[in-house]
Every structure is written in structure tokens, then in C-alpha cells.
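One file, input24.cif, carrying mmCIF, C-alpha atoms:
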```
data_structure
#
loop_
_atom_site.label_atom_id
_atom_site.label_comp_id
_atom_site.auth_asym_id
_atom_site.auth_seq_id
_atom_site.Cartn_x
_atom_site.Cartn_y
_atom_site.Cartn_z
CA MET A 1 0.00 0.00 0.00
CA GLY A 2 1.37 3.39 -1.02
CA LYS A 3 2.57 5.71 1.72
CA ASN A 4 0.15 8.47 0.71
CA ALA A 5 -2.94 6.29 1.09
CA VAL A 6 -5.06 7.31 4.06
CA ILE A 7 -6.66 4.71 6.28
CA LEU A 8 -10.13 5.74 7.38
CA ILE A 9 -11.54 4.01 10.43
CA ALA A 10 -15.25 4.46 11.01
CA GLU A 11 -15.75 3.13 14.50
CA SER A 12 -17.96 4.40 17.35
CA ASN A 13 -16.40 2.19 20.01
CA GLN A 14 -13.37 4.01 21.43
CA ASP A 15 -11.71 0.85 22.81
CA HIS A 16 -12.07 -0.95 19.51
CA TYR A 17 -10.67 2.02 17.64
CA LEU A 18 -7.60 2.14 19.87
CA ILE A 19 -6.88 -1.57 19.40
CA ILE A 20 -7.26 -1.24 15.64
CA GLU A 21 -5.00 1.79 15.41
CA LYS A 22 -2.35 0.36 17.71
CA ASN A 23 -2.16 -2.92 15.84
CA LEU A 24 -2.10 -1.34 12.41
CA ARG A 25 0.84 0.78 13.57
CA ARG A 26 2.48 -2.32 14.99
CA THR A 27 2.13 -4.04 11.63
CA GLY A 28 4.18 -1.28 10.06
CA PHE A 29 1.73 1.27 8.72
CA GLY A 30 3.21 4.76 8.62
CA ASN A 31 0.15 6.01 6.75
CA GLU A 32 -2.16 8.71 7.99
CA ILE A 33 -5.03 7.22 9.99
CA LYS A 34 -8.25 9.20 10.31
CA ARG A 35 -10.96 8.24 12.73
CA PHE A 36 -14.68 8.87 12.46
CA ASP A 37 -16.88 7.96 15.41
CA ASN A 38 -19.99 8.97 13.54
CA GLY A 39 -21.36 7.98 10.13
CA LYS A 40 -22.54 11.45 9.21
CA ALA A 41 -19.09 12.96 9.73
CA LEU A 42 -17.58 10.23 7.57
CA ILE A 43 -19.96 10.87 4.68
CA GLU A 44 -19.48 14.64 4.94
CA SER A 45 -15.73 14.21 4.83
CA LEU A 46 -15.81 11.79 1.88
CA PHE A 47 -18.22 13.81 -0.19
CA THR A 48 -16.21 17.02 -0.32
CA PRO A 49 -14.44 18.06 -3.52
CA GLU A 50 -11.05 18.42 -1.79
CA ARG A 51 -10.73 14.78 -0.86
CA GLN A 52 -10.51 13.36 -4.33
CA SER A 53 -6.78 13.58 -4.71
CA VAL A 54 -5.44 10.67 -2.68
CA SER A 55 -6.07 7.02 -2.11
CA TYR A 56 -8.11 5.71 0.77
CA ILE A 57 -9.02 2.47 2.36
CA LEU A 58 -12.00 2.36 4.70
CA ILE A 59 -12.47 0.11 7.71
CA LEU A 60 -16.15 0.38 8.55
CA ASP A 61 -18.20 -0.87 11.46
CA ILE A 62 -21.73 -1.09 10.06
CA ASN A 63 -23.09 -0.44 13.55
CA ILE A 64 -21.56 3.02 13.60
CA GLU A 65 -23.60 5.76 15.22
CA GLY A 66 -25.28 8.57 13.33
CA LEU A 67 -26.06 6.82 10.06
CA ASP A 68 -26.96 3.29 9.02
CA GLY A 69 -23.80 1.45 7.98
CA LEU A 70 -25.44 -0.19 4.98
CA GLU A 71 -26.58 3.22 3.81
CA ILE A 72 -23.00 4.50 4.12
CA LEU A 73 -21.76 1.59 2.01
CA ARG A 74 -24.50 2.15 -0.56
CA LYS A 75 -23.64 5.86 -0.83
CA ILE A 76 -19.96 5.12 -1.32
CA LYS A 77 -20.49 2.40 -3.89
CA SER A 78 -22.99 4.52 -5.85
CA ASP A 79 -20.48 7.32 -6.35
CA SER A 80 -18.54 7.09 -9.61
CA LEU A 81 -15.17 7.86 -7.97
CA LEU A 82 -15.60 6.71 -4.37
CA ARG A 83 -16.85 3.29 -5.45
CA LYS A 84 -13.28 2.24 -6.22
CA MET A 85 -12.24 2.62 -2.57
CA PRO A 86 -11.76 -0.75 -0.84
CA VAL A 87 -14.15 -1.06 2.11
CA VAL A 88 -13.38 -3.58 4.83
CA ILE A 89 -16.42 -4.25 7.02
CA PHE A 90 -15.24 -4.93 10.57
CA THR A 91 -18.16 -5.37 12.92
CA SER A 92 -19.66 -7.37 15.78
CA GLN A 93 -22.72 -8.07 13.70
CA HIS A 94 -22.47 -11.27 11.71
CA ASP A 95 -25.81 -12.56 10.54
CA GLN A 96 -25.80 -14.03 7.02
CA THR A 97 -28.30 -11.41 5.77
CA SER A 98 -25.97 -8.50 6.65
CA ILE A 99 -23.00 -10.36 5.19
CA ASP A 100 -24.77 -11.05 1.88
CA LYS A 101 -26.11 -7.51 1.75
CA CYS A 102 -22.70 -5.91 2.25
CA TYR A 103 -21.10 -8.04 -0.47
CA ASP A 104 -24.02 -7.28 -2.73
CA LEU A 105 -23.43 -3.56 -2.17
CA GLY A 106 -19.74 -4.02 -2.97
CA CYS A 107 -17.71 -4.33 0.22
CA SER A 108 -14.26 -5.82 -0.35
CA VAL A 109 -14.42 -8.14 2.58
CA TYR A 110 -16.51 -8.72 5.71
CA ILE A 111 -14.83 -9.63 8.96
CA SER A 112 -16.60 -10.14 12.27
CA LYS A 113 -14.94 -8.85 15.44
CA PRO A 114 -13.80 -11.49 17.91
CA LYS A 115 -14.97 -11.03 21.49
CA ASP A 116 -11.63 -11.87 23.06
CA VAL A 117 -9.19 -8.94 23.19
CA THR A 118 -6.11 -11.02 22.29
CA ASP A 119 -7.91 -12.53 19.30
CA PHE A 120 -9.03 -9.06 18.34
CA SER A 121 -5.47 -7.71 18.30
CA ASP A 122 -4.17 -10.78 16.52
CA MET A 123 -6.82 -10.44 13.85
CA VAL A 124 -6.13 -6.74 13.22
CA HIS A 125 -2.46 -7.66 12.91
CA LYS A 126 -3.26 -10.24 10.20
CA ILE A 127 -5.58 -7.84 8.41
CA GLY A 128 -2.86 -5.18 8.56
CA LYS A 129 -0.18 -7.51 7.22
CA PHE A 130 -2.43 -8.34 4.32
CA LEU A 131 -3.41 -4.74 3.61
CA LEU A 132 0.25 -3.77 3.47
CA THR A 133 0.63 -5.95 0.34
CA VAL A 134 -2.42 -4.48 -1.37
CA LYS A 135 -2.42 -1.77 -4.06
CA VAL A 136 -5.07 0.87 -3.63
CA PRO A 137 -6.67 2.85 -6.45
CA ARG A 138 -6.57 6.59 -6.99
CA LEU A 139 -9.95 8.21 -6.59
CA ASN A 140 -9.24 11.05 -8.98
CA SER A 141 -8.92 9.08 -12.19
CA MET B 1 -15.45 -21.60 8.15
CA ASN B 2 -14.47 -24.88 6.59
CA ASP B 3 -16.59 -24.78 3.49
CA LEU B 4 -14.78 -21.85 1.88
CA VAL B 5 -13.27 -22.88 -1.43
CA ILE B 6 -10.42 -20.86 -2.94
CA VAL B 7 -10.53 -20.67 -6.72
CA VAL B 8 -7.26 -19.74 -8.39
CA ALA B 9 -6.99 -18.72 -12.05
CA GLU B 10 -3.30 -18.66 -12.91
CA ASP B 11 -1.61 -19.81 -16.12
CA ASP B 12 1.94 -19.79 -14.76
CA ALA B 13 2.52 -23.26 -13.27
CA GLY B 14 5.43 -22.10 -11.11
CA HIS B 15 3.48 -19.22 -9.62
CA PHE B 16 0.52 -21.46 -8.92
CA GLU B 17 2.74 -23.98 -7.09
CA LEU B 18 4.10 -21.20 -4.86
CA VAL B 19 0.62 -19.89 -4.18
CA ARG B 20 -0.76 -23.35 -3.47
CA LYS B 21 2.08 -24.32 -1.19
CA ASN B 22 1.89 -21.16 0.86
CA LEU B 23 -1.88 -21.14 1.04
CA TRP B 24 -1.78 -24.71 2.29
CA LEU B 25 0.77 -23.77 4.90
CA SER B 26 -1.48 -21.04 6.25
CA CYS B 27 -4.96 -22.40 5.59
CA VAL B 28 -4.70 -26.16 5.45
CA ASP B 29 -8.39 -26.87 5.76
CA LYS B 30 -9.50 -25.17 2.59
CA ASP B 31 -10.01 -26.64 -0.85
CA ILE B 32 -8.20 -25.03 -3.73
CA ILE B 33 -9.45 -25.31 -7.30
CA HIS B 34 -7.06 -24.33 -10.06
CA PHE B 35 -7.75 -23.11 -13.59
CA THR B 36 -5.17 -22.15 -16.17
CA ASP B 37 -7.12 -19.80 -18.39
CA GLY B 38 -9.98 -17.31 -18.21
CA GLN B 39 -12.45 -19.42 -20.16
CA GLN B 40 -12.11 -22.37 -17.76
CA ILE B 41 -12.95 -20.31 -14.69
CA LEU B 42 -15.89 -18.65 -16.46
CA ASP B 43 -17.25 -22.08 -17.45
CA PHE B 44 -16.86 -23.22 -13.85
CA LEU B 45 -18.61 -20.16 -12.41
CA PHE B 46 -21.36 -19.97 -15.01
CA GLN B 47 -21.81 -23.75 -14.91
CA LYS B 48 -21.19 -24.23 -18.62
CA GLY B 49 -19.15 -26.66 -20.70
CA PRO B 50 -17.94 -30.16 -19.89
CA GLY B 51 -15.55 -29.34 -17.00
CA GLN B 52 -16.11 -28.96 -13.27
CA HIS B 53 -18.94 -26.62 -12.24
CA ARG B 54 -19.39 -24.54 -9.12
CA LEU B 55 -21.90 -25.76 -6.56
CA ASP B 56 -24.91 -23.70 -5.53
CA GLY B 57 -24.79 -22.67 -1.88
CA GLN B 58 -21.01 -22.99 -1.67
CA ASN B 59 -18.74 -20.16 -0.45
CA TYR B 60 -16.02 -19.09 -2.85
CA ILE B 61 -13.23 -16.59 -2.96
CA ILE B 62 -11.36 -16.02 -6.22
CA LEU B 63 -7.69 -15.24 -6.84
CA LEU B 64 -7.36 -13.94 -10.36
CA ASP B 65 -4.35 -13.36 -12.57
CA ILE B 66 -4.75 -10.70 -15.27
CA ARG B 67 -2.63 -11.96 -18.13
CA MET B 68 -4.13 -15.32 -19.05
CA PRO B 69 -4.86 -17.15 -22.32
CA LYS B 70 -8.27 -17.09 -24.04
CA VAL B 71 -10.01 -14.63 -21.69
CA ASP B 72 -7.93 -12.23 -19.59
CA GLY B 73 -8.51 -11.63 -15.90
CA ARG B 74 -9.99 -8.18 -16.36
CA GLU B 75 -12.67 -9.62 -18.64
CA VAL B 76 -13.33 -12.46 -16.16
CA LEU B 77 -13.74 -9.87 -13.38
CA LYS B 78 -16.17 -7.90 -15.52
CA CYS B 79 -18.26 -11.01 -16.24
CA ILE B 80 -18.40 -11.95 -12.55
CA LYS B 81 -19.35 -8.47 -11.34
CA ASN B 82 -22.01 -8.08 -14.05
CA ALA B 83 -23.71 -11.34 -13.10
CA PRO B 84 -26.30 -10.68 -10.35
CA LYS B 85 -25.77 -14.16 -8.89
CA LEU B 86 -21.98 -14.05 -8.88
CA LYS B 87 -21.18 -10.39 -8.14
CA LYS B 88 -21.06 -11.03 -4.39
CA ILE B 89 -18.03 -13.33 -4.68
CA PRO B 90 -14.89 -11.56 -3.43
CA VAL B 91 -12.27 -11.39 -6.17
CA ILE B 92 -8.64 -10.66 -5.36
CA MET B 93 -6.39 -9.76 -8.30
CA LEU B 94 -2.99 -11.42 -7.97
CA THR B 95 -0.88 -10.32 -10.89
CA THR B 96 2.50 -9.22 -12.18
CA THR B 97 0.88 -6.21 -13.88
CA ASP B 98 2.17 -3.28 -11.85
CA ASP B 99 0.32 -0.45 -13.51
CA ASN B 100 -1.75 2.22 -11.72
CA LYS B 101 -4.25 2.41 -14.56
CA GLU B 102 -4.91 -1.32 -14.30
CA VAL B 103 -5.24 -1.02 -10.51
CA ASP B 104 -7.80 1.80 -10.86
CA LEU B 105 -9.71 -0.08 -13.53
CA CYS B 106 -9.96 -3.34 -11.61
CA TYR B 107 -11.26 -1.58 -8.49
CA ASP B 108 -13.73 0.26 -10.68
CA LEU B 109 -14.93 -3.09 -12.02
CA GLY B 110 -15.38 -4.29 -8.44
CA CYS B 111 -12.36 -6.32 -7.37
CA SER B 112 -11.92 -6.58 -3.60
CA PHE B 113 -8.17 -6.12 -3.59
CA TYR B 114 -5.31 -5.85 -6.06
CA ILE B 115 -1.99 -7.44 -5.21
CA VAL B 116 1.11 -7.16 -7.39
CA LYS B 117 3.20 -10.32 -7.26
CA PRO B 118 6.62 -9.29 -6.04
CA VAL B 119 9.36 -10.23 -8.49
CA ASP B 120 11.69 -11.23 -5.68
CA TYR B 121 11.14 -14.82 -4.53
CA SER B 122 11.12 -14.30 -0.76
CA SER B 123 8.88 -11.23 -1.04
CA PHE B 124 6.48 -13.27 -3.15
CA MET B 125 6.39 -16.00 -0.50
CA GLU B 126 5.81 -13.40 2.20
CA ALA B 127 2.95 -11.79 0.27
CA VAL B 128 1.23 -15.13 -0.27
CA GLU B 129 1.73 -16.02 3.38
CA SER B 130 0.01 -12.76 4.43
CA LEU B 131 -2.77 -13.52 1.98
CA GLY B 132 -3.10 -17.05 3.33
CA LYS B 133 -3.27 -15.90 6.94
CA PHE B 134 -5.87 -13.35 5.96
CA LEU B 135 -7.98 -15.93 4.12
CA SER B 136 -7.70 -18.38 6.99
CA LEU B 137 -9.22 -15.95 9.49
CA ASP B 138 -12.13 -17.71 11.18
CA HIS B 139 -13.93 -14.41 11.27
CA LEU B 140 -13.71 -13.77 7.55
CA LYS B 141 -17.30 -14.00 6.37
CA VAL B 142 -18.18 -14.70 2.77
CA PRO B 143 -21.53 -14.59 1.00
CA LYS B 144 -23.50 -17.60 -0.13
CA VAL B 145 -23.70 -17.79 -3.90
#
```
Structure re-expressed in C-alpha cells:
Amino acid sequence: MGKNAVILIAESNQDHYLIIEKNLRRTGFGNEIKRFDNGKALIESLFTPERQSVSYILILDINIEGLDGLEILRKIKSDSLLRKMPVVIFTSQHDQTSIDKCYDLGCSVYISKPKDVTDFSDMVHKIGKFLLTVKVPRLNS
Amino acid sequence: MNDLVIVVAEDDAGHFELVRKNLWLSCVDKDIIHFTDGQQILDFLFQKGPGQHRLDGQNYIILLDIRMPKVDGREVLKCIKNAPKLKKIPVIMLTTTDDNKEVDLCYDLGCSFYIVKPVDYSSFMEAVESLGKFLSLDHLKVPKV
């Protein structure tokens, strides 16, 4: 993943956010990490003209406060430029209907959060290791 | 999730062996199905032709090379993402094509991730190992097709 790609984390749970950030850093990410604890703020930030110059990857908890997570995903994947952005769903919700729906809307991958803190850290580490090898698209082309 | 099947479309036998070996090392319990050109994997997915066909209700994840005989990976991706039944399947591009335009295009077509195969042997092994560990996550949820 290019150094100028920004990692967006849309997560209302402060503890979860901290574990995710810490473990991504531990994996070796030097990239800018931006947190949104509210869905509305995320959408406002994404849908401004200034943002379309860099690459992003979004880690989204569909249970985020402020706006329905599926609606957020739908908005992103309906936009001609934003739709290219890889969206990793990382959430405690894991019923088959939500999983199918998110893939149908175009999420890159759907991962359910483990309850155990050690498993949680370990998982973010593996996700991070993988994301480091991934190329992300430019949203301005 | 034991019923996840990994489908690999890769025409380079050496690359496939490396991928298979490292995937097995990190996710031993998963089946791997291999195709060597774009037409074969399309026939499998669209349940056409005399070869093996995909099963309804099975979970799949696809690793797709771009430069392949008969039908290239980009075209295969397009066919999958345009098919209402198949579009949910996560497709990861695994290719030697290191070109930003191709990266942008594949994400636009709906690939989940785009990975450039490192030219260096040990980096290649490392990348596949990371991929394998990622795919072997118990908490990785995939859609039913």
C-alpha cells in the first residue's frame, strides 16, 4: 500500500478504535489514519471536492452511530469515484443477511470482530499484514 | 469456516505452485481449485461446458491473474461483477501487472483487492503467506452464492 494512502476508520467504540489503530501501527503502517466515530461525519468528509486527490481504504463498522452502515456503504459504492475505494467491514454483527447484503453492495471483505481482546489484536495484525501488500486505487482518475 | 473454497486462475505453473504451497501452509483446511485460463474459470462459475462446475450454496473466494490465455482476468472480473448471482463473490487480483491504470480499472470493475506479485522470490512467499493468513481468518465472512 502506497505511503500516501489514508486509512479511514469508522468506529464508534473508542476501545475498539484504539486496538485497531495500535495494531495497524504495529504491523508497520506509517500512513495517515483518520478516525470517524460517527457515520454522518464520515460521509461529509468523503463527499467534499477536496478529498478526491489521494487514495483511501475504509475500515467500517456497520453499527456506527449517526447513520446506518449499509446506507454508508450504498452511498460510497454509488459514487462514480468513491466506489473504487476498498471497504473492509469490521463489525460485531455477523448474521448471514448483513453479510450477503454488504457483499451485494460491494464491500471488499466482511470480517466479524472477535470477542476476546487477544484474538481481536491478533486479527487486526493479520488484516494489517495483508493490507500492506495491497495496491489501492486513486480516486481522482 | 471450513466450506470456503479458494478458486485460483493462474496460467503460470510455477506461480501457482508457490501460491498453493503457501496457502496450504497457512490455511490447510481449505479446498483449492485451479484453472489455467480465463475461459475455464468462467465455465466453472457460469456452470457451462464439460468441465467442473461450481456448486450452488457454496462459499467461494477467487484469486485472479490478469494476463491469461483465451479470456484475460480483467474480462473475467467484468463477467463476474455483471452477473447478479456471482457479483457477491470476493475477487482478489494477484498479478505481475504493476500499472496504476490497471489497478484503478480493476477496483472500478469491483475487485476486492489488487496485489502485485513481487518479483523477488522471498517477497512473493511473504505476500502469499500474508494472503493465506488473511484468508484463513475464522472471522472472515463470505456470502453464499
Which chain A residues have any atom within 6 Å of an atom of chain B, and for each, what is the nearest pair of atoms with distance in Å to one decimal, counting all atoms listed in the file, rows sorted by chain and number, as JSON lines?
```
{"residue": "A:Lys84", "atom": "CA", "partner": "B:Tyr107", "partner_atom": "CA", "distance": 4.9}
{"residue": "A:Asp100", "atom": "CA", "partner": "B:Pro143", "partner_atom": "CA", "distance": 4.9}
{"residue": "A:Tyr103", "atom": "CA", "partner": "B:Lys88", "partner_atom": "CA", "distance": 4.9}
{"residue": "A:Asp104", "atom": "CA", "partner": "B:Lys88", "partner_atom": "CA", "distance": 5.1}
{"residue": "A:Ser108", "atom": "CA", "partner": "B:Ser112", "partner_atom": "CA", "distance": 4.1}
{"residue": "A:Tyr110", "atom": "CA", "partner": "B:Lys141", "partner_atom": "CA", "distance": 5.4}
{"residue": "A:Ile111", "atom": "CA", "partner": "B:Leu140", "partner_atom": "CA", "distance": 4.5}
{"residue": "A:Ser112", "atom": "CA", "partner": "B:His139", "partner_atom": "CA", "distance": 5.1}
{"residue": "A:Lys126", "atom": "CA", "partner": "B:Phe134", "partner_atom": "CA", "distance": 5.9}
{"residue": "A:Lys129", "atom": "CA", "partner": "B:Ser130", "partner_atom": "CA", "distance": 5.9}
{"residue": "A:Phe130", "atom": "CA", "partner": "B:Ser130", "partner_atom": "CA", "distance": 5.0}
{"residue": "A:Val134", "atom": "CA", "partner": "B:Ile115", "partner_atom": "CA", "distance": 4.9}
{"residue": "A:Lys135", "atom": "CA", "partner": "B:Tyr114", "partner_atom": "CA", "distance": 5.4}
{"residue": "A:Pro137", "atom": "CA", "partner": "B:Asp104", "partner_atom": "CA", "distance": 4.7}
```
Next on the checklist: Taking 6 positions as the minimum chain separation for residues in the same chain, which residues sit within 12 Å of B:His53 when counting all atoms listed in the file? Answer as a count of residues only.
Outcome noted: 11
Please enumerate the residues selected by the PyMOL selection byres ((chain B and resi 68) around 8) when evaluated against the supplied file, formatted as a compact mmCIF listing (two decimals) with C-alpha atoms, in the coordinates of the input.
```txt
# COMPACT_ATOMS: atom_id res chain seq x y z
CA GLU B 10 -3.30 -18.66 -12.91
CA ASP B 11 -1.61 -19.81 -16.12
CA THR B 36 -5.17 -22.15 -16.17
CA ASP B 37 -7.12 -19.80 -18.39
CA GLY B 38 -9.98 -17.31 -18.21
CA ASP B 65 -4.35 -13.36 -12.57
CA ILE B 66 -4.75 -10.70 -15.27
CA ARG B 67 -2.63 -11.96 -18.13
CA PRO B 69 -4.86 -17.15 -22.32
CA LYS B 70 -8.27 -17.09 -24.04
CA VAL B 71 -10.01 -14.63 -21.69
CA ASP B 72 -7.93 -12.23 -19.59
CA GLY B 73 -8.51 -11.63 -15.90
```
Next on the checklist: Which residues, named as in the file, does the PyMOL selection byres ((chain A and resi 41) around 12) pick out? Answer as a VMD selection string.
Outcome noted: chain A and resid 8 to 12 34 to 40 42 to 48 64 to 67 72
Selected residues written out with C-alpha atoms, as an mmCIF file, keeping the file's coordinate frame:
```cif
data_model
loop_
_atom_site.group_PDB
_atom_site.id
_atom_site.type_symbol
_atom_site.label_atom_id
_atom_site.label_comp_id
_atom_site.auth_asym_id
_atom_site.auth_seq_id
_atom_site.Cartn_x
_atom_site.Cartn_y
_atom_site.Cartn_z
ATOM 1 C CA LEU A 8 -10.130 5.740 7.380
ATOM 2 C CA ILE A 9 -11.540 4.010 10.430
ATOM 3 C CA ALA A 10 -15.250 4.460 11.010
ATOM 4 C CA GLU A 11 -15.750 3.130 14.500
ATOM 5 C CA SER A 12 -17.960 4.400 17.350
ATOM 6 C CA LYS A 34 -8.250 9.200 10.310
ATOM 7 C CA ARG A 35 -10.960 8.240 12.730
ATOM 8 C CA PHE A 36 -14.680 8.870 12.460
ATOM 9 C CA ASP A 37 -16.880 7.960 15.410
ATOM 10 C CA ASN A 38 -19.990 8.970 13.540
ATOM 11 C CA GLY A 39 -21.360 7.980 10.130
ATOM 12 C CA LYS A 40 -22.540 11.450 9.210
ATOM 13 C CA LEU A 42 -17.580 10.230 7.570
ATOM 14 C CA ILE A 43 -19.960 10.870 4.680
ATOM 15 C CA GLU A 44 -19.480 14.640 4.940
ATOM 16 C CA SER A 45 -15.730 14.210 4.830
ATOM 17 C CA LEU A 46 -15.810 11.790 1.880
ATOM 18 C CA PHE A 47 -18.220 13.810 -0.190
ATOM 19 C CA THR A 48 -16.210 17.020 -0.320
ATOM 20 C CA ILE A 64 -21.560 3.020 13.600
ATOM 21 C CA GLU A 65 -23.600 5.760 15.220
ATOM 22 C CA GLY A 66 -25.280 8.570 13.330
ATOM 23 C CA LEU A 67 -26.060 6.820 10.060
ATOM 24 C CA ILE A 72 -23.000 4.500 4.120
#
```
Checklist entry - What does the PyMOL selection byres ((chain A and resi 114) around 12) select in this file, as a count of residues only? => result 23
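In this model, the gap between atom CA of A:Arg138 and atom CA of A:Ile33 comes to 17.1 Å.
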Item to check | Coordinates-based distance that separates atom CA of A:Val109 from atom CA of A:Asn4 (Å, one decimal) | outcome: 22.2 Å
Checklist entry - If you measure from atom CA of B:Lys21 to atom CA of A:Thr133, what distance in Å do you get, rounded to one decimal? => result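 Between these atoms lies a distance of 18.5 Å.
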Using all atoms of stretch 111-127 of chain A listed in the file and a margin of 4 Å per side, can you give the axis-aligned box centre and edge lengths in Å to one decimal, as lines of an AutoDock Vina configuration file?
```
center_x = -9.5
center_y = -9.6
center_z = 15.8
size_x = 22.1
size_y = 13.8
size_z = 22.8
```
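Considering all atoms listed in the file, the residue among A:Val88, A:Leu73, A:Leu81, A:Cys107 positioned nearest to A:Leu58 is A:Val88.
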Item to check | Shortest interatomic distance to B:Gly57 - which of B:Leu4, B:Leu18, B:Leu23, B:Met125, counting all atoms listed in the file | outcome: B:Leu4
